[in-house]
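Trainee: Provided below: query.txt, containing compact mmCIF, C-alpha atoms.
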# COMPACT_ATOMS: atom_id res chain seq x y z
CA VAL A 96 10.40 -12.86 0.78
CA MET A 97 9.41 -16.05 -1.06
CA THR A 98 6.15 -14.47 -2.23
CA GLY A 99 7.82 -11.29 -3.50
CA THR A 100 6.49 -8.88 -0.88
CA HIS A 101 7.06 -5.47 -2.39
CA GLY A 102 7.86 -2.10 -0.90
CA VAL A 103 5.50 0.78 -0.21
CA SER A 104 7.10 3.62 -2.16
CA LEU A 105 9.66 4.58 -4.77
CA SER A 106 12.18 4.78 -1.92
CA THR A 107 11.50 1.21 -0.77
CA PRO A 108 12.07 -1.86 -2.99
CA SER A 109 10.84 -5.36 -2.22
CA LEU A 110 11.73 -7.15 1.01
CA HIS A 111 14.23 -9.23 -1.01
CA ASP A 112 16.38 -6.10 -1.38
CA PHE A 113 17.07 -6.13 2.38
CA VAL A 114 18.21 -9.78 2.40
CA GLU A 115 21.97 -10.48 2.38
CA SER A 116 21.88 -14.29 2.26
CA TYR A 117 19.59 -17.34 2.33
CA SER A 118 20.33 -20.74 3.91
CA LEU A 119 18.24 -23.57 2.52
CA VAL A 120 17.93 -27.35 2.63
CA LEU A 121 18.25 -28.94 -0.81
CA LYS A 122 16.39 -32.08 -1.93
CA ASP A 123 19.35 -34.31 -0.92
CA GLY A 124 19.47 -32.83 2.57
CA GLU A 125 22.48 -30.61 1.95
CA ILE A 126 22.37 -27.18 3.58
CA LYS A 127 23.48 -24.44 1.21
CA THR A 128 23.97 -20.71 1.80
CA ILE A 129 23.42 -18.34 -1.12
CA SER A 130 24.68 -14.78 -0.69
CA ARG A 131 24.15 -11.61 -2.67
CA GLN A 132 27.89 -11.17 -3.20
CA GLY A 133 28.85 -14.84 -3.67
CA GLU A 134 26.23 -16.01 -6.20
CA PRO A 135 24.39 -12.89 -7.43
CA GLU A 136 22.49 -14.59 -10.27
CA LEU A 137 21.17 -17.46 -8.14
CA PHE A 138 20.51 -15.02 -5.30
CA SER A 139 18.36 -12.88 -7.61
CA ALA A 140 16.33 -15.97 -8.53
CA MET A 141 15.54 -16.79 -4.90
CA ALA A 142 12.65 -14.32 -4.58
CA PRO A 143 9.92 -14.93 -5.28
CA CYS A 144 10.69 -18.60 -5.98
CA MET A 145 8.07 -20.06 -3.55
CA GLY A 146 10.58 -22.67 -2.32
CA VAL A 147 11.43 -24.12 -5.75
CA PHE A 148 15.16 -24.33 -4.96
CA GLY A 149 14.73 -25.81 -1.48
CA VAL A 150 13.37 -25.12 1.99
CA VAL A 151 14.68 -21.82 3.35
CA ILE A 152 15.62 -22.27 7.00
CA GLU A 153 17.43 -18.99 7.62
CA CYS A 154 18.05 -15.63 6.03
CA LYS A 155 20.26 -12.72 6.95
CA ILE A 156 18.39 -9.40 6.68
CA ARG A 157 19.83 -5.90 6.74
CA LEU A 158 18.26 -3.78 9.48
CA VAL A 159 17.17 -0.19 9.06
CA LYS A 160 16.88 2.56 11.63
CA PHE A 161 13.58 3.96 12.81
CA GLN A 162 12.53 7.16 11.12
CA TYR A 163 10.62 10.03 12.64
CA LEU A 164 7.89 10.71 10.11
CA ALA A 165 5.27 13.38 9.61
CA ALA A 166 2.12 12.12 7.88
CA GLN A 167 -1.07 13.59 6.55
CA MET A 168 -4.19 12.51 4.69
CA ASP A 169 -6.35 14.46 2.25
CA PHE A 170 -9.62 13.72 0.44
CA MET A 171 -10.23 14.75 -3.18
CA PRO A 172 -12.00 13.71 -6.40
CA PHE A 173 -10.17 10.85 -8.09
CA GLU A 174 -10.34 12.73 -11.39
CA GLU A 175 -8.07 15.37 -9.81
CA VAL A 176 -5.73 12.75 -8.36
CA ILE A 177 -4.95 11.03 -11.68
CA PRO A 178 -2.82 13.81 -13.23
CA LYS A 179 -1.13 14.37 -9.84
CA CYS A 180 -0.46 10.71 -9.05
CA LYS A 181 3.17 10.55 -10.20
CA GLU A 182 3.94 13.90 -8.58
CA ILE A 183 2.49 12.59 -5.28
CA MET A 184 4.56 9.40 -5.47
CA ASP A 185 7.74 11.18 -6.63
CA SER A 186 7.70 14.02 -4.09
CA ASN A 187 6.94 11.98 -0.94
CA GLN A 188 9.07 9.28 0.62
CA TYR A 189 5.92 7.26 1.39
CA ALA A 190 2.55 7.67 -0.30
CA ARG A 191 -0.63 5.69 -0.75
CA ILE A 192 -3.93 6.48 -2.50
CA ALA A 193 -7.24 4.73 -1.75
CA VAL A 194 -10.06 5.20 -4.26
CA TYR A 195 -13.77 4.70 -3.55
CA PRO A 196 -15.58 4.24 -6.90
CA SER A 197 -19.12 4.70 -5.54
CA LEU A 198 -18.13 8.24 -4.48
CA ASP A 199 -15.55 8.80 -7.25
CA MET A 200 -13.30 10.14 -4.46
CA ALA A 201 -9.88 9.23 -3.09
CA THR A 202 -7.92 9.57 0.12
CA VAL A 203 -4.28 10.56 -0.36
CA TRP A 204 -1.88 9.58 2.44
CA ARG A 205 1.72 10.72 2.48
CA ALA A 206 4.59 10.67 4.98
CA ASN A 207 8.10 12.10 5.06
CA PRO A 208 11.05 12.04 7.50
CA ILE A 209 11.52 15.07 9.75
CA GLU A 210 13.74 15.87 12.69
CA ASN A 211 12.35 14.55 15.96
CA ASN A 212 10.53 17.24 17.93
CA GLU A 213 10.60 19.59 14.95
CA ASP A 214 7.84 21.97 15.98
CA GLY A 215 5.22 22.76 13.40
CA ALA A 216 6.43 20.22 10.83
CA VAL A 217 2.86 19.41 9.85
CA GLY A 218 1.08 20.88 12.84
CA GLY A 219 -0.26 17.46 13.79
CA ARG A 220 -0.55 15.42 16.93
CA LYS A 221 2.23 13.11 18.06
CA ALA A 222 1.56 9.38 17.99
CA SER A 223 3.40 6.95 20.28
CA LYS A 224 2.37 3.80 18.39
CA TYR A 225 1.21 2.65 14.99
CA ILE A 226 -2.10 4.15 13.95
CA THR A 227 -4.55 1.82 12.21
CA SER A 228 -6.12 2.98 8.99
CA ARG A 229 -9.60 2.11 10.38
CA ASP A 230 -10.80 2.16 13.96
CA ALA A 231 -13.73 0.12 15.31
CA HIS A 232 -16.33 2.79 14.47
CA GLU A 233 -15.08 3.16 10.90
CA LYS A 234 -15.13 -0.61 10.52
CA ALA A 235 -18.79 -0.69 11.58
CA TRP A 236 -19.77 2.08 9.16
CA LEU A 237 -17.90 0.36 6.34
CA GLU A 238 -19.69 -2.90 7.06
CA LEU A 239 -23.04 -1.06 6.92
CA PHE A 240 -21.98 0.45 3.60
CA LEU A 241 -21.32 -3.04 2.21
CA VAL A 242 -24.63 -4.39 3.56
CA HIS A 243 -26.64 -1.61 1.91
CA GLN A 244 -24.68 -1.93 -1.34
CA LYS A 245 -25.64 -5.61 -1.53
CA ARG A 246 -29.30 -4.71 -0.92
CA GLY A 247 -29.26 -2.05 -3.63
CA ASN A 248 -29.61 0.82 -1.15
CA TYR A 249 -26.74 2.69 -2.80
CA LYS A 250 -27.46 6.19 -1.47
CA LYS A 251 -27.80 5.02 2.13
CA GLY A 252 -24.70 2.87 1.74
CA ASN A 253 -22.68 5.82 0.48
CA ASP A 254 -23.82 7.88 3.47
CA PHE A 255 -22.19 5.33 5.78
CA LEU A 256 -19.07 5.28 3.62
CA ARG A 257 -18.77 9.08 3.83
CA GLN A 258 -19.18 8.87 7.59
CA ALA A 259 -16.33 6.36 7.81
CA LEU A 260 -14.07 8.47 5.61
CA GLU A 261 -14.82 11.70 7.48
CA SER A 262 -13.86 9.97 10.73
CA GLN A 263 -10.70 8.56 9.17
CA LEU A 264 -9.68 11.97 7.85
CA CYS A 265 -10.25 13.51 11.27
CA ARG A 266 -7.89 11.00 12.88
CA LEU A 267 -5.24 10.94 10.15
CA LYS A 268 -5.32 14.53 8.88
CA LYS A 269 -1.92 15.34 10.42
CA TYR A 270 0.22 13.32 12.81
CA GLU A 271 3.83 12.33 13.42
CA GLY A 272 5.87 9.67 15.19
CA ALA A 273 8.87 7.31 15.08
CA TYR A 274 8.26 4.30 12.86
CA ASN A 275 10.01 1.83 10.62
CA HIS A 276 9.07 2.67 7.03
CA VAL A 277 5.28 2.34 7.37
CA LEU A 278 3.65 4.92 9.60
CA CYS A 279 0.01 3.95 9.11
CA ASN A 280 -0.49 0.27 9.90
CA GLU A 281 -3.10 -1.10 7.50
CA GLN A 282 -5.68 -3.37 9.09
CA ASN A 283 -9.04 -4.41 7.63
CA HIS A 284 -10.35 -5.34 11.10
CA ALA A 285 -11.96 -8.63 10.00
CA ILE A 286 -13.99 -7.08 7.18
CA PRO A 287 -14.52 -9.95 4.70
CA TYR A 288 -12.87 -9.19 1.38
CA VAL A 289 -11.06 -10.73 -1.54
CA ASP A 290 -8.38 -8.76 -3.28
CA ILE A 291 -6.39 -8.91 -6.49
CA GLU A 292 -3.26 -6.83 -6.93
CA LEU A 293 -1.85 -5.87 -10.31
CA GLY A 294 1.63 -4.47 -10.90
CA MET A 295 2.33 -2.31 -13.96
CA GLU A 296 5.13 -0.14 -15.26
CA TYR A 297 5.23 3.09 -13.28
CA SER A 298 5.57 5.26 -16.38
CA ARG A 299 2.08 4.11 -17.47
CA ALA A 300 0.38 5.25 -14.24
CA HIS A 301 -1.71 8.01 -15.85
CA ASP A 302 -3.08 5.78 -18.61
CA VAL A 303 -3.78 2.89 -16.22
CA LEU A 304 -5.68 5.03 -13.71
CA THR A 305 -7.60 6.85 -16.44
CA SER A 306 -8.75 3.51 -17.88
CA ILE A 307 -9.87 2.25 -14.47
CA ARG A 308 -11.91 5.39 -13.80
CA GLU A 309 -13.51 5.29 -17.25
CA TRP A 310 -14.54 1.68 -16.63
CA TYR A 311 -16.08 2.16 -13.18
CA MET A 312 -17.89 5.34 -14.24
CA THR A 313 -19.50 3.29 -17.02
CA ALA A 314 -20.21 0.28 -14.78
CA GLY A 315 -22.09 2.37 -12.21
CA ASN A 316 -23.39 0.30 -9.30
CA SER A 317 -22.11 -2.94 -10.87
CA VAL A 318 -18.50 -2.35 -9.76
CA PRO A 319 -17.40 -5.61 -8.02
CA PHE A 320 -15.05 -3.94 -5.51
CA TYR A 321 -15.65 -1.31 -2.83
CA ASN A 322 -12.26 0.39 -3.16
CA PHE A 323 -8.82 0.01 -4.63
CA GLU A 324 -5.45 1.15 -3.40
CA ILE A 325 -2.60 2.65 -5.41
CA ARG A 326 1.04 2.28 -4.34
CA SER A 327 4.41 2.57 -6.01
CA THR A 328 7.51 0.43 -5.52
CA LYS A 329 11.16 0.93 -6.35
CA SER A 330 12.72 -1.50 -8.85
CA ASP A 331 14.57 -4.55 -7.52
CA ASP A 332 16.84 -7.35 -8.77
CA ALA A 333 14.57 -10.33 -7.99
CA LEU A 334 14.24 -12.13 -11.32
CA MET A 335 10.59 -13.16 -10.89
CA SER A 336 9.45 -9.93 -9.25
CA CYS A 337 6.96 -7.56 -10.89
CA CYS A 338 9.47 -4.84 -9.97
CA TYR A 339 12.46 -6.50 -11.64
CA GLY A 340 14.44 -3.74 -13.32
CA ARG A 341 11.55 -1.25 -13.29
CA ASP A 342 9.72 1.05 -10.91
CA THR A 343 6.20 -0.28 -10.56
CA ILE A 344 2.73 1.01 -9.74
CA TYR A 345 0.46 -1.42 -7.89
CA VAL A 346 -3.32 -1.31 -7.99
CA ASP A 347 -4.93 -3.47 -5.30
CA PHE A 348 -8.66 -4.08 -5.83
CA LYS A 349 -10.68 -5.08 -2.72
Could you show the structure in this file as C-alpha cells?
Mentor:
Amino acid sequence: VMTGTHGVSLSTPSLHDFVESYSLVLKDGEIKTISRQGEPELFSAMAPCMGVFGVVIECKIRLVKFQYLAAQMDFMPFEEVIPKCKEIMDSNQYARIAVYPSLDMATVWRANPIENNEDGAVGGRKASKYITSRDAHEKAWLELFLVHQKRGNYKKGNDFLRQALESQLCRLKKYEGAYNHVLCNEQNHAIPYVDIELGMEYSRAHDVLTSIREWYMTAGNSVPFYNFEIRSTKSDDALMSCCYGRDTIYVDFK
C-alpha cells in the first residue's frame, strides 16, 4: 500500500482502495488510527506516502470473494493490437498485453467471471491452482533468447523466443478456475531483469503505444528491453498515486 501498488484492470483500483483504516506510530510515539470515513483527506494522502507520516503497524483491509474466471490467451501482431487495446481493456474484467519488440508480436491475455461449472464457457481445461505465466521450459528458452541477443545472434535468439511463446500459448490458450482477481500468477522464475513502469492517462493509450512501436521499429536490434507489458488500472483517491482521479494505462518495460 505504501508504494502505491496498483490494480490489474479497469475494474480494480490500487490496493489502497481496499483499505478501510491505517494505524501508525507517530514520531512522538503516539499511536494514531486514520480511517477513510473519519479523516478522508489525510487518509487519501496515506498511499503512497512511503512512511512519511509515521510507521504503519496495522491496517484494516476489505476482503473480496473468490471469483470463478475463464481465461484465454491469443498471439497477434502488435500493430493490430494498438487500435484494439482500449476495446480489449474495456470489454474484459481482467486483461494484460505483453509485447515482444524483436518479433513485433504480442500476447493478449484476458479473463472474465463465469458461473462455476458452466460447461463450454471457453472450452478450456479447469485449473485447481494458480497457473504461472512461464514454466521451467519456457524460462530456459527465454534465457537462451537473451544469451543469443547479447551475442548478436538475433535470428537464433528469436527462434528460442518463438518456442517459449508457442509453449506458453499452448498452456494458457483456454482455462478456468476459482481465483482472487488475478488468474495468471506472474513469475519471472529468476530471470535477471530490470524494469521501469510508466503510468499515463488511459485516454492516450493509442498515441502512447503507437509512439513506442515507431521507436522500437526504428531502433531495430538496439532495443534495451526484451518485452514490455501493458495493463490498465481504475482511478483511485490516493493523492500521490498515478491513478489519482483518472483511469491509467501502465507500460512496464523489462
Trainee: Report the distance between atom CA of A:Pro196 and atom CA of A:Gly102 in Å, rounded to one decimal place.
Mentor: 25.0 Å
Trainee: Between A:Phe148, A:Phe255, A:Tyr339, A:Phe348, which is the closest to A:Leu198 once you count only C-alpha atoms?
Mentor: A:Phe255
Trainee: For atom CA of A:Thr128 and atom CA of A:Met141, quote the distance in Å rounded to one decimal.
Mentor: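 So the two atoms, atom CA of A:Thr128 and atom CA of A:Met141, lie 11.5 Å apart.
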Trainee: Determine, for each residue of stretch 202-269 of chain A having at least one atom at most 7 Å from an atom of stretch 161-181 of chain A, the closest pair of atoms and their separation in Å to one decimal, counting all atoms listed in the file; order by chain and ascending number, as a Markdown table.
Mentor:
| residue | atom | partner | partner_atom | distance |
| --- | --- | --- | --- | --- |
| A:Thr202 | CA | A:Phe170 | CA | 4.5 |
| A:Val203 | CA | A:Asp169 | CA | 5.1 |
| A:Trp204 | CA | A:Met168 | CA | 4.4 |
| A:Arg205 | CA | A:Ala166 | CA | 5.6 |
| A:Ala206 | CA | A:Ala166 | CA | 4.1 |
| A:Asn207 | CA | A:Leu164 | CA | 5.2 |
| A:Pro208 | CA | A:Leu164 | CA | 4.3 |
| A:Ile209 | CA | A:Leu164 | CA | 5.7 |
| A:Glu210 | CA | A:Tyr163 | CA | 6.6 |
| A:Asn211 | CA | A:Tyr163 | CA | 5.9 |
| A:Val217 | CA | A:Ala165 | CA | 6.5 |
| A:Leu264 | CA | A:Met168 | CA | 6.4 |
| A:Leu267 | CA | A:Met168 | CA | 5.8 |
| A:Lys268 | CA | A:Met168 | CA | 4.8 |
| A:Lys269 | CA | A:Gln167 | CA | 4.3 |
Trainee: Return as a Markdown table the residues of stretch 307-341 of chain A lying at most 12 Å from stretch 233-247 of chain A, together with the closest atom-to-atom pair for each and the distance in Å to one decimal, counting all atoms listed in the file, with rows in chain order and ascending residue number.
Mentor:
| residue | atom | partner | partner_atom | distance |
| --- | --- | --- | --- | --- |
| A:Gly315 | CA | A:Gln244 | CA | 12.0 |
| A:Asn316 | CA | A:Gln244 | CA | 8.4 |
| A:Ser317 | CA | A:Gln244 | CA | 9.9 |
| A:Val318 | CA | A:Gln244 | CA | 10.5 |
| A:Pro319 | CA | A:Lys245 | CA | 10.5 |
| A:Phe320 | CA | A:Leu241 | CA | 10.0 |
| A:Tyr321 | CA | A:Leu241 | CA | 7.8 |
| A:Asn322 | CA | A:Leu237 | CA | 11.0 |
Trainee: So for stretch 265-268 of chain A, what box centre and size do we get, axis-aligned, 3 Å extra on each of the six sides, every listed atom, Å to one decimal, as lines of an AutoDock Vina configuration file?
Mentor:
center_x = -7.7
center_y = 12.7
center_z = 10.9
size_x = 11.0
size_y = 9.6
size_z = 10.0
Trainee: Let me make sure I understand: among A:Asp290, A:Asp112, A:Asp347, A:Asp302, which one has the smallest atom-to-atom distance to A:Ser330 if we use all atoms listed in the file?
Mentor: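 Closest to A:Ser330, using all atoms listed in the file: A:Asp112.
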Trainee: Between A:Lys127, A:Ser197, A:Val114, A:Ser228, which residue has the minimum interatomic distance to A:Gly252, considering all atoms listed in the file?
Mentor: A:Ser197
Trainee: Compile the contact shell of A:Asp185 as a list in words: residues with an atom at most 12 Å away, counting only C-alpha atoms, same-chain residues fewer than 6 positions apart removed.
Mentor: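 Answer for this query is Ser104, Leu105, Ser106, Lys179, Arg191, Arg205, Asn207, Tyr297, Ser298, Arg326, Ser327, Thr328, Lys329, Asp342 and Ile344 of chain A.
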Trainee: Out of A:Met200, A:Thr100, A:Lys155, A:His111, which residue has the shortest atom-to-atom distance to A:Ala140 when counting all atoms listed in the file?
Mentor: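 The answer is A:His111, which sits nearest to A:Ala140.
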